[in-house]
2 protein chains.
Amino acid sequence: MSEPITIVGASGALGFALAVRLGRAGVPVMLGSRDAERAAETERRALELVPGGQFSSAENAEAAAANELVFLSVPFRNQSETLTNLKGVLREGQLVVDATVPLAAAVSGKATRMLGVWQGSAAQQAQEMVPAGVRVVSALHTVGAPTLGDLDHELDEDVLVAGDKRADKQRVAAVIDRIEGLRCVDVGRLEMARICESLTALLISTNVRHKTHAGIKITGLPADLWPPLKPKG
Amino acid sequence: MSEPITIVGASGALGFALAVRLGRAGVPVMLGSRDAERAAETERRALELVPGGQFSSAENAEAAAANELVFLSVPFRNQSETLTNLKGVLREGQLVVDATVPLAAAVSGKATRMLGVWQGSAAQQAQEMVPAGVRVVSALHTVGAPTLGDLDHELDEDVLVAGDKRADKQRVAAVIDRIEGLRCVDVGRLEMARICESLTALLISTNVRHKTHAGIKITGLPADLWPPLKPKG
């Protein structure tokens, strides 16, 4: 049994795709959207695709408060505003999984170019904005919404996970790895998020050239990527 | 039959690994090094590993002049100096394949962190420094020297190739794809090099966590990545 999760921005393409994949994998998913009505409509759409899924829905702030593990899947142009709105509800011990990509498209630039974020990455900006005791993990930047959202598409790719605590990443991997064909890889500290985020731009550029929806796999890894953590002490 | 190539910096780990792999694949390789004696010694080492290889050697500038296709494999801290030294010998029509990575290690920083290069990437710096009419393609940043250099290691990974002309990238791919287990992928214009270069840092970070030599594969690509170019006009 997986722990229940929340997706802030579940009516967006990636958020919705993640919701239905996780729902199908047996993860209870709370779908958050900017208003409760939109969230409820998204829940209905998710249930249509995954009739047995354990979905619930609420406005983003209420949704974010509902679970310890909160996926943040909003356009970069809305990330700061969204996190400001969540400040009152996020609390110590929660984990935010940031999937934001600071593409230049946010300011009418190209989707193959990145914006420079002063903190280094959108994930580090998120870490700066969440209340004390809330930690941020960066993930999901190389997974495309079209293939993730197409439940008939057989996935076979990796999810790069960056964060400062191994236990946090392990917790995120325990949820995402339930999706068949996805494999979480620990790529290091949260500061590596700037590289992971830029891979979205690289894959968009590659997609244009090869008319596909590309993903990434890391080669040369051992079979067991997430051995149980040794208790400290 | 492949066109002959030059490797500037062939006595370095990646340059040498590339030399022996290409040599074994039947590519005539001119090995360049800072002085001719070092180059000759590198040639002897290459011949020991690949007795049938078509190797030759010379000091970097002489080596760079010898072939139309020149791989540049030097540490970032030497890239600018090396290109300054080659200014007199590089000529219109030549293609430089830049494998430089601006890791912070160049200035005693971490190998998981990048330096900001004003031009955007080491490859774009190279493009700015070469004589008019010489074009630069960026490649090989996700291929690790230890696995490339170990001829018993079975490779199975991609080489990300960035450049402004499709024909240039195709020419580079025609050489690199001769190495069994490597597949060149066109990831877009030369400006994408900044992302490809940063993948070295990401893989080093991943290697530390998983005690391996990781590489990258792009998923979702068509079988034929380099269909013949249509003649223009």
# chains A, B, ... in the order shown; residues from 1 in each chain; ligands from 1
>>> interface_residues(of="chain B", to="chain A", cutoff="6 Å", atoms="only C-alpha atoms", output="ChimeraX atom specification")
/B:187-188,205-206,214-220
>>> write_last_selection(atoms="N, CA, C and O atoms", output="tab-separated table (two decimals), in the first residue's frame")
chain	number	residue	atom	x	y	z
B	187	VAL	N	20.67	16.52	-30.73
B	187	VAL	CA	19.86	17.17	-29.69
B	187	VAL	C	19.60	18.65	-30.00
B	187	VAL	O	19.00	19.34	-29.19
B	188	GLY	N	20.05	19.10	-31.17
B	188	GLY	CA	19.69	20.46	-31.53
B	188	GLY	C	20.89	21.35	-31.83
B	188	GLY	O	21.97	20.87	-32.16
B	205	SER	N	27.86	13.05	-10.30
B	205	SER	CA	27.08	13.02	-9.06
B	205	SER	C	26.35	11.68	-8.92
B	205	SER	O	26.30	11.09	-7.84
B	206	THR	N	25.81	11.18	-10.01
B	206	THR	CA	25.10	9.90	-9.99
B	206	THR	C	26.08	8.75	-9.72
B	206	THR	O	25.77	7.83	-8.97
B	214	ALA	N	28.08	5.77	-15.00
B	214	ALA	CA	26.79	5.89	-15.69
B	214	ALA	C	26.94	6.59	-17.03
B	214	ALA	O	27.87	7.37	-17.26
B	215	GLY	N	26.04	6.27	-17.93
B	215	GLY	CA	25.92	6.95	-19.20
B	215	GLY	C	24.47	7.32	-19.40
B	215	GLY	O	23.66	7.22	-18.47
B	216	ILE	N	24.14	7.73	-20.62
B	216	ILE	CA	22.76	8.15	-20.88
B	216	ILE	C	22.24	7.52	-22.17
B	216	ILE	O	23.00	7.33	-23.12
B	217	LYS	N	20.98	7.18	-22.13
B	217	LYS	CA	20.29	6.78	-23.36
B	217	LYS	C	19.02	7.62	-23.49
B	217	LYS	O	18.34	7.86	-22.50
B	218	ILE	N	18.74	8.05	-24.70
B	218	ILE	CA	17.49	8.76	-24.96
B	218	ILE	C	16.46	7.72	-25.41
B	218	ILE	O	16.73	6.93	-26.33
B	219	THR	N	15.31	7.72	-24.76
B	219	THR	CA	14.28	6.75	-25.12
B	219	THR	C	13.31	7.36	-26.14
B	219	THR	O	13.24	8.57	-26.31
B	220	GLY	N	12.58	6.48	-26.80
B	220	GLY	CA	11.51	6.94	-27.69
B	220	GLY	C	11.95	7.42	-29.06
B	220	GLY	O	11.19	8.06	-29.78
>>> residues_around(residues="Glu68 in chain B", least_positions_apart="4", cutoff="9 Å", atoms="only C-alpha atoms", output="tab-separated table (two decimals) with C-alpha atoms, in the first residue's frame")
chain	number	residue	atom	x	y	z
B	3	GLU	CA	37.43	9.56	-42.96
B	4	PRO	CA	40.62	10.00	-40.91
B	5	ILE	CA	40.37	12.10	-37.78
B	6	THR	CA	42.60	13.96	-35.36
B	64	ALA	CA	45.13	19.50	-36.03
B	91	ARG	CA	41.42	26.45	-41.72
B	93	GLY	CA	36.08	23.78	-43.88
B	94	GLN	CA	37.47	21.99	-40.88
B	95	LEU	CA	35.11	20.69	-38.24
B	96	VAL	CA	36.03	20.79	-34.56
>>> residues_around(residues="Phe16 in chain A", least_positions_apart="2", cutoff="9 Å", atoms="only C-alpha atoms", output="MDAnalysis selection string")
chainID A and resid 7 9:14 18:21 31 42 46 145 149
>>> select_by_dssp(residues="range 6-92 of chain A", states="strand (DSSP E)", output="list in words")
Thr6, Ile7, Val8, Val29, Met30, Leu31, Gly32, Ser33, Phe55, Ser56, Ser57, Ala58, Glu59, Leu69, Val70, Phe71 and Leu72 of chain A
>>> write_last_selection(atoms="C-alpha atoms", output="PDB file, in the first residue's frame")
ATOM      1  CA  THR A   6      -1.472  15.322  -3.334  1.00  0.00           C
ATOM      2  CA  ILE A   7      -0.879  16.874  -6.722  1.00  0.00           C
ATOM      3  CA  VAL A   8      -1.003  20.670  -6.767  1.00  0.00           C
ATOM      4  CA  VAL A  29      -4.370  10.762  -5.145  1.00  0.00           C
ATOM      5  CA  MET A  30      -5.804  14.094  -4.003  1.00  0.00           C
ATOM      6  CA  LEU A  31      -6.140  16.326  -7.041  1.00  0.00           C
ATOM      7  CA  GLY A  32      -5.586  20.013  -6.414  1.00  0.00           C
ATOM      8  CA  SER A  33      -6.512  22.832  -8.744  1.00  0.00           C
ATOM      9  CA  PHE A  55      -9.176   9.989  -6.310  1.00  0.00           C
ATOM     10  CA  SER A  56     -10.327  12.953  -4.312  1.00  0.00           C
ATOM     11  CA  SER A  57     -10.151  16.650  -5.125  1.00  0.00           C
ATOM     12  CA  ALA A  58      -9.997  20.101  -3.595  1.00  0.00           C
ATOM     13  CA  GLU A  59      -8.740  23.610  -4.199  1.00  0.00           C
ATOM     14  CA  LEU A  69       3.678  14.153   0.219  1.00  0.00           C
ATOM     15  CA  VAL A  70       2.784  16.988  -2.156  1.00  0.00           C
ATOM     16  CA  PHE A  71       3.687  17.048  -5.846  1.00  0.00           C
ATOM     17  CA  LEU A  72       3.937  20.539  -7.292  1.00  0.00           C
TER      18      LEU A  72
END
>>> atom_distance(atom1="CA of Val172 in chain B", atom2="CA of Leu103 in chain A")
29.1 Å
>>> atom_distance(atom1="CA of Leu115 in chain B", atom2="CA of Glu81 in chain B")
17.2 Å
>>> atom_distance(atom1="CA of Arg77 in chain B", atom2="CA of Ser108 in chain B")
10.7 Å
>>> residues_around(residues="Gly116 in chain A", least_positions_apart="4", cutoff="8 Å", atoms="only C-alpha atoms", output="VMD selection string")
chain A and resid 102 120 to 121
>>> write_last_selection(atoms="all heavy atoms", output="PDB file, in the first residue's frame")
ATOM      1  N   PRO A 102      11.834  25.954 -15.409  1.00  0.00           N
ATOM      2  CA  PRO A 102      11.918  27.367 -15.792  1.00  0.00           C
ATOM      3  C   PRO A 102      12.288  27.554 -17.260  1.00  0.00           C
ATOM      4  O   PRO A 102      13.348  28.076 -17.592  1.00  0.00           O
ATOM      5  CB  PRO A 102      12.986  27.936 -14.852  1.00  0.00           C
ATOM      6  CG  PRO A 102      13.806  26.772 -14.433  1.00  0.00           C
ATOM      7  CD  PRO A 102      12.961  25.532 -14.560  1.00  0.00           C
ATOM      8  N   GLY A 120      19.307  29.108  -8.474  1.00  0.00           N
ATOM      9  CA  GLY A 120      19.969  28.011  -9.174  1.00  0.00           C
ATOM     10  C   GLY A 120      18.994  27.157  -9.954  1.00  0.00           C
ATOM     11  O   GLY A 120      19.324  26.630 -11.013  1.00  0.00           O
ATOM     12  N   SER A 121      17.789  26.992  -9.416  1.00  0.00           N
ATOM     13  CA  SER A 121      16.785  26.152 -10.069  1.00  0.00           C
ATOM     14  C   SER A 121      15.420  26.465  -9.474  1.00  0.00           C
ATOM     15  O   SER A 121      15.310  27.074  -8.401  1.00  0.00           O
ATOM     16  CB  SER A 121      17.107  24.672  -9.850  1.00  0.00           C
ATOM     17  OG  SER A 121      17.085  24.368  -8.458  1.00  0.00           O
TER      18      SER A 121
END
>>> select_by_dssp(residues="range 27-224 of chain B", states="helix (DSSP H, G or I)", output="ChimeraX atom specification")
/B:36-49,60-66,76-86,104-107,122-129,145-149,166-176,190-210
>>> closest_residue(among="A:Val50, A:Val101, A:Leu148, A:Val89", to="Gly15 in chain A", atoms="only C-alpha atoms")
A:Leu148
>>> closest_residue(among="A:Val97, A:Leu90, A:Ala65, A:Ile176", to="Ala122 in chain A", atoms="only C-alpha atoms")
A:Val97
>>> decode(residues="range 76-110 of chain A", atoms="N, CA, C and O atoms", output="PDB file, in the first residue's frame")
ATOM      1  N   PHE A  76       6.095  27.354 -14.607  1.00  0.00           N
ATOM      2  CA  PHE A  76       7.047  28.173 -13.864  1.00  0.00           C
ATOM      3  C   PHE A  76       6.487  29.560 -13.557  1.00  0.00           C
ATOM      4  O   PHE A  76       6.714  30.110 -12.486  1.00  0.00           O
ATOM      5  N   ARG A  77       5.721  30.094 -14.506  1.00  0.00           N
ATOM      6  CA  ARG A  77       5.205  31.441 -14.280  1.00  0.00           C
ATOM      7  C   ARG A  77       4.242  31.498 -13.093  1.00  0.00           C
ATOM      8  O   ARG A  77       3.996  32.562 -12.546  1.00  0.00           O
ATOM      9  N   ASN A  78       3.730  30.369 -12.673  1.00  0.00           N
ATOM     10  CA  ASN A  78       2.820  30.340 -11.519  1.00  0.00           C
ATOM     11  C   ASN A  78       3.444  29.768 -10.253  1.00  0.00           C
ATOM     12  O   ASN A  78       2.801  29.733  -9.208  1.00  0.00           O
ATOM     13  N   GLN A  79       4.680  29.300 -10.344  1.00  0.00           N
ATOM     14  CA  GLN A  79       5.252  28.591  -9.196  1.00  0.00           C
ATOM     15  C   GLN A  79       5.326  29.466  -7.948  1.00  0.00           C
ATOM     16  O   GLN A  79       4.919  29.056  -6.859  1.00  0.00           O
ATOM     17  N   SER A  80       5.852  30.673  -8.122  1.00  0.00           N
ATOM     18  CA  SER A  80       6.039  31.555  -6.974  1.00  0.00           C
ATOM     19  C   SER A  80       4.695  31.913  -6.338  1.00  0.00           C
ATOM     20  O   SER A  80       4.522  31.821  -5.113  1.00  0.00           O
ATOM     21  N   GLU A  81       3.726  32.277  -7.160  1.00  0.00           N
ATOM     22  CA  GLU A  81       2.398  32.632  -6.652  1.00  0.00           C
ATOM     23  C   GLU A  81       1.763  31.431  -5.927  1.00  0.00           C
ATOM     24  O   GLU A  81       1.175  31.565  -4.852  1.00  0.00           O
ATOM     25  N   THR A  82       1.894  30.268  -6.527  1.00  0.00           N
ATOM     26  CA  THR A  82       1.309  29.071  -5.915  1.00  0.00           C
ATOM     27  C   THR A  82       1.917  28.804  -4.546  1.00  0.00           C
ATOM     28  O   THR A  82       1.207  28.540  -3.570  1.00  0.00           O
ATOM     29  N   LEU A  83       3.246  28.903  -4.456  1.00  0.00           N
ATOM     30  CA  LEU A  83       3.898  28.634  -3.173  1.00  0.00           C
ATOM     31  C   LEU A  83       3.550  29.695  -2.134  1.00  0.00           C
ATOM     32  O   LEU A  83       3.426  29.395  -0.942  1.00  0.00           O
ATOM     33  N   THR A  84       3.370  30.932  -2.595  1.00  0.00           N
ATOM     34  CA  THR A  84       2.930  31.981  -1.663  1.00  0.00           C
ATOM     35  C   THR A  84       1.558  31.624  -1.094  1.00  0.00           C
ATOM     36  O   THR A  84       1.310  31.742   0.116  1.00  0.00           O
ATOM     37  N   ASN A  85       0.682  31.148  -1.969  1.00  0.00           N
ATOM     38  CA  ASN A  85      -0.660  30.762  -1.520  1.00  0.00           C
ATOM     39  C   ASN A  85      -0.648  29.550  -0.586  1.00  0.00           C
ATOM     40  O   ASN A  85      -1.588  29.344   0.176  1.00  0.00           O
ATOM     41  N   LEU A  86       0.395  28.747  -0.679  1.00  0.00           N
ATOM     42  CA  LEU A  86       0.446  27.528   0.144  1.00  0.00           C
ATOM     43  C   LEU A  86       1.156  27.750   1.486  1.00  0.00           C
ATOM     44  O   LEU A  86       1.181  26.865   2.337  1.00  0.00           O
ATOM     45  N   LYS A  87       1.723  28.950   1.652  1.00  0.00           N
ATOM     46  CA  LYS A  87       2.541  29.183   2.855  1.00  0.00           C
ATOM     47  C   LYS A  87       1.783  28.920   4.139  1.00  0.00           C
ATOM     48  O   LYS A  87       2.329  28.397   5.097  1.00  0.00           O
ATOM     49  N   GLY A  88       0.519  29.264   4.145  1.00  0.00           N
ATOM     50  CA  GLY A  88      -0.271  29.103   5.365  1.00  0.00           C
ATOM     51  C   GLY A  88      -0.651  27.662   5.666  1.00  0.00           C
ATOM     52  O   GLY A  88      -1.008  27.346   6.800  1.00  0.00           O
ATOM     53  N   VAL A  89      -0.558  26.786   4.661  1.00  0.00           N
ATOM     54  CA  VAL A  89      -1.032  25.411   4.898  1.00  0.00           C
ATOM     55  C   VAL A  89       0.090  24.381   4.973  1.00  0.00           C
ATOM     56  O   VAL A  89      -0.069  23.333   5.601  1.00  0.00           O
ATOM     57  N   LEU A  90       1.206  24.655   4.304  1.00  0.00           N
ATOM     58  CA  LEU A  90       2.308  23.679   4.376  1.00  0.00           C
ATOM     59  C   LEU A  90       2.875  23.682   5.786  1.00  0.00           C
ATOM     60  O   LEU A  90       2.965  24.726   6.429  1.00  0.00           O
ATOM     61  N   ARG A  91       3.257  22.516   6.267  1.00  0.00           N
ATOM     62  CA  ARG A  91       3.719  22.421   7.657  1.00  0.00           C
ATOM     63  C   ARG A  91       4.925  21.494   7.755  1.00  0.00           C
ATOM     64  O   ARG A  91       5.171  20.675   6.877  1.00  0.00           O
ATOM     65  N   GLU A  92       5.652  21.658   8.842  1.00  0.00           N
ATOM     66  CA  GLU A  92       6.870  20.887   9.089  1.00  0.00           C
ATOM     67  C   GLU A  92       6.636  19.396   8.856  1.00  0.00           C
ATOM     68  O   GLU A  92       5.609  18.851   9.261  1.00  0.00           O
ATOM     69  N   GLY A  93       7.597  18.765   8.198  1.00  0.00           N
ATOM     70  CA  GLY A  93       7.495  17.316   7.975  1.00  0.00           C
ATOM     71  C   GLY A  93       6.958  16.973   6.601  1.00  0.00           C
ATOM     72  O   GLY A  93       7.150  15.858   6.129  1.00  0.00           O
ATOM     73  N   GLN A  94       6.287  17.940   5.975  1.00  0.00           N
ATOM     74  CA  GLN A  94       5.797  17.656   4.622  1.00  0.00           C
ATOM     75  C   GLN A  94       6.953  17.681   3.631  1.00  0.00           C
ATOM     76  O   GLN A  94       7.954  18.356   3.829  1.00  0.00           O
ATOM     77  N   LEU A  95       6.721  16.946   2.559  1.00  0.00           N
ATOM     78  CA  LEU A  95       7.721  16.862   1.505  1.00  0.00           C
ATOM     79  C   LEU A  95       7.080  17.371   0.215  1.00  0.00           C
ATOM     80  O   LEU A  95       6.003  16.911  -0.167  1.00  0.00           O
ATOM     81  N   VAL A  96       7.728  18.326  -0.432  1.00  0.00           N
ATOM     82  CA  VAL A  96       7.215  18.863  -1.692  1.00  0.00           C
ATOM     83  C   VAL A  96       8.078  18.335  -2.830  1.00  0.00           C
ATOM     84  O   VAL A  96       9.305  18.474  -2.813  1.00  0.00           O
ATOM     85  N   VAL A  97       7.443  17.705  -3.800  1.00  0.00           N
ATOM     86  CA  VAL A  97       8.160  17.203  -4.971  1.00  0.00           C
ATOM     87  C   VAL A  97       7.940  18.195  -6.101  1.00  0.00           C
ATOM     88  O   VAL A  97       6.842  18.306  -6.648  1.00  0.00           O
ATOM     89  N   ASP A  98       8.980  18.923  -6.424  1.00  0.00           N
ATOM     90  CA  ASP A  98       8.845  19.992  -7.405  1.00  0.00           C
ATOM     91  C   ASP A  98       9.163  19.495  -8.811  1.00  0.00           C
ATOM     92  O   ASP A  98      10.224  18.929  -9.057  1.00  0.00           O
ATOM     93  N   ALA A  99       8.222  19.719  -9.727  1.00  0.00           N
ATOM     94  CA  ALA A  99       8.413  19.296 -11.119  1.00  0.00           C
ATOM     95  C   ALA A  99       8.474  20.508 -12.048  1.00  0.00           C
ATOM     96  O   ALA A  99       8.373  20.372 -13.265  1.00  0.00           O
ATOM     97  N   THR A 100       8.650  21.674 -11.467  1.00  0.00           N
ATOM     98  CA  THR A 100       8.626  22.917 -12.252  1.00  0.00           C
ATOM     99  C   THR A 100       9.838  23.034 -13.175  1.00  0.00           C
ATOM    100  O   THR A 100      10.940  22.643 -12.798  1.00  0.00           O
ATOM    101  N   VAL A 101       9.620  23.574 -14.355  1.00  0.00           N
ATOM    102  CA  VAL A 101      10.721  23.785 -15.304  1.00  0.00           C
ATOM    103  C   VAL A 101      10.754  25.252 -15.728  1.00  0.00           C
ATOM    104  O   VAL A 101       9.802  25.744 -16.330  1.00  0.00           O
ATOM    105  N   PRO A 102      11.834  25.954 -15.409  1.00  0.00           N
ATOM    106  CA  PRO A 102      11.918  27.367 -15.792  1.00  0.00           C
ATOM    107  C   PRO A 102      12.288  27.554 -17.260  1.00  0.00           C
ATOM    108  O   PRO A 102      13.348  28.076 -17.592  1.00  0.00           O
ATOM    109  N   LEU A 103      11.398  27.116 -18.145  1.00  0.00           N
ATOM    110  CA  LEU A 103      11.627  27.307 -19.586  1.00  0.00           C
ATOM    111  C   LEU A 103      11.457  28.782 -19.951  1.00  0.00           C
ATOM    112  O   LEU A 103      10.621  29.480 -19.365  1.00  0.00           O
ATOM    113  N   ALA A 104      12.206  29.208 -20.946  1.00  0.00           N
ATOM    114  CA  ALA A 104      12.058  30.582 -21.420  1.00  0.00           C
ATOM    115  C   ALA A 104      10.664  30.821 -21.992  1.00  0.00           C
ATOM    116  O   ALA A 104      10.225  31.965 -22.138  1.00  0.00           O
ATOM    117  N   ALA A 105       9.960  29.743 -22.309  1.00  0.00           N
ATOM    118  CA  ALA A 105       8.582  29.863 -22.786  1.00  0.00           C
ATOM    119  C   ALA A 105       7.702  30.603 -21.777  1.00  0.00           C
ATOM    120  O   ALA A 105       6.684  31.196 -22.150  1.00  0.00           O
ATOM    121  N   ALA A 106       8.095  30.601 -20.509  1.00  0.00           N
ATOM    122  CA  ALA A 106       7.326  31.299 -19.472  1.00  0.00           C
ATOM    123  C   ALA A 106       7.274  32.802 -19.734  1.00  0.00           C
ATOM    124  O   ALA A 106       6.366  33.489 -19.271  1.00  0.00           O
ATOM    125  N   VAL A 107       8.275  33.314 -20.446  1.00  0.00           N
ATOM    126  CA  VAL A 107       8.292  34.751 -20.772  1.00  0.00           C
ATOM    127  C   VAL A 107       8.285  34.928 -22.287  1.00  0.00           C
ATOM    128  O   VAL A 107       8.940  35.821 -22.828  1.00  0.00           O
ATOM    129  N   SER A 108       7.547  34.040 -22.952  1.00  0.00           N
ATOM    130  CA  SER A 108       7.386  34.086 -24.404  1.00  0.00           C
ATOM    131  C   SER A 108       8.663  33.777 -25.179  1.00  0.00           C
ATOM    132  O   SER A 108       8.766  34.112 -26.357  1.00  0.00           O
ATOM    133  N   GLY A 109       9.607  33.128 -24.519  1.00  0.00           N
ATOM    134  CA  GLY A 109      10.819  32.695 -25.198  1.00  0.00           C
ATOM    135  C   GLY A 109      10.651  31.291 -25.742  1.00  0.00           C
ATOM    136  O   GLY A 109       9.544  30.756 -25.793  1.00  0.00           O
ATOM    137  N   LYS A 110      11.781  30.691 -26.127  1.00  0.00           N
ATOM    138  CA  LYS A 110      11.734  29.341 -26.694  1.00  0.00           C
ATOM    139  C   LYS A 110      11.634  28.273 -25.607  1.00  0.00           C
ATOM    140  O   LYS A 110      12.212  28.414 -24.537  1.00  0.00           O
TER     141      LYS A 110
END
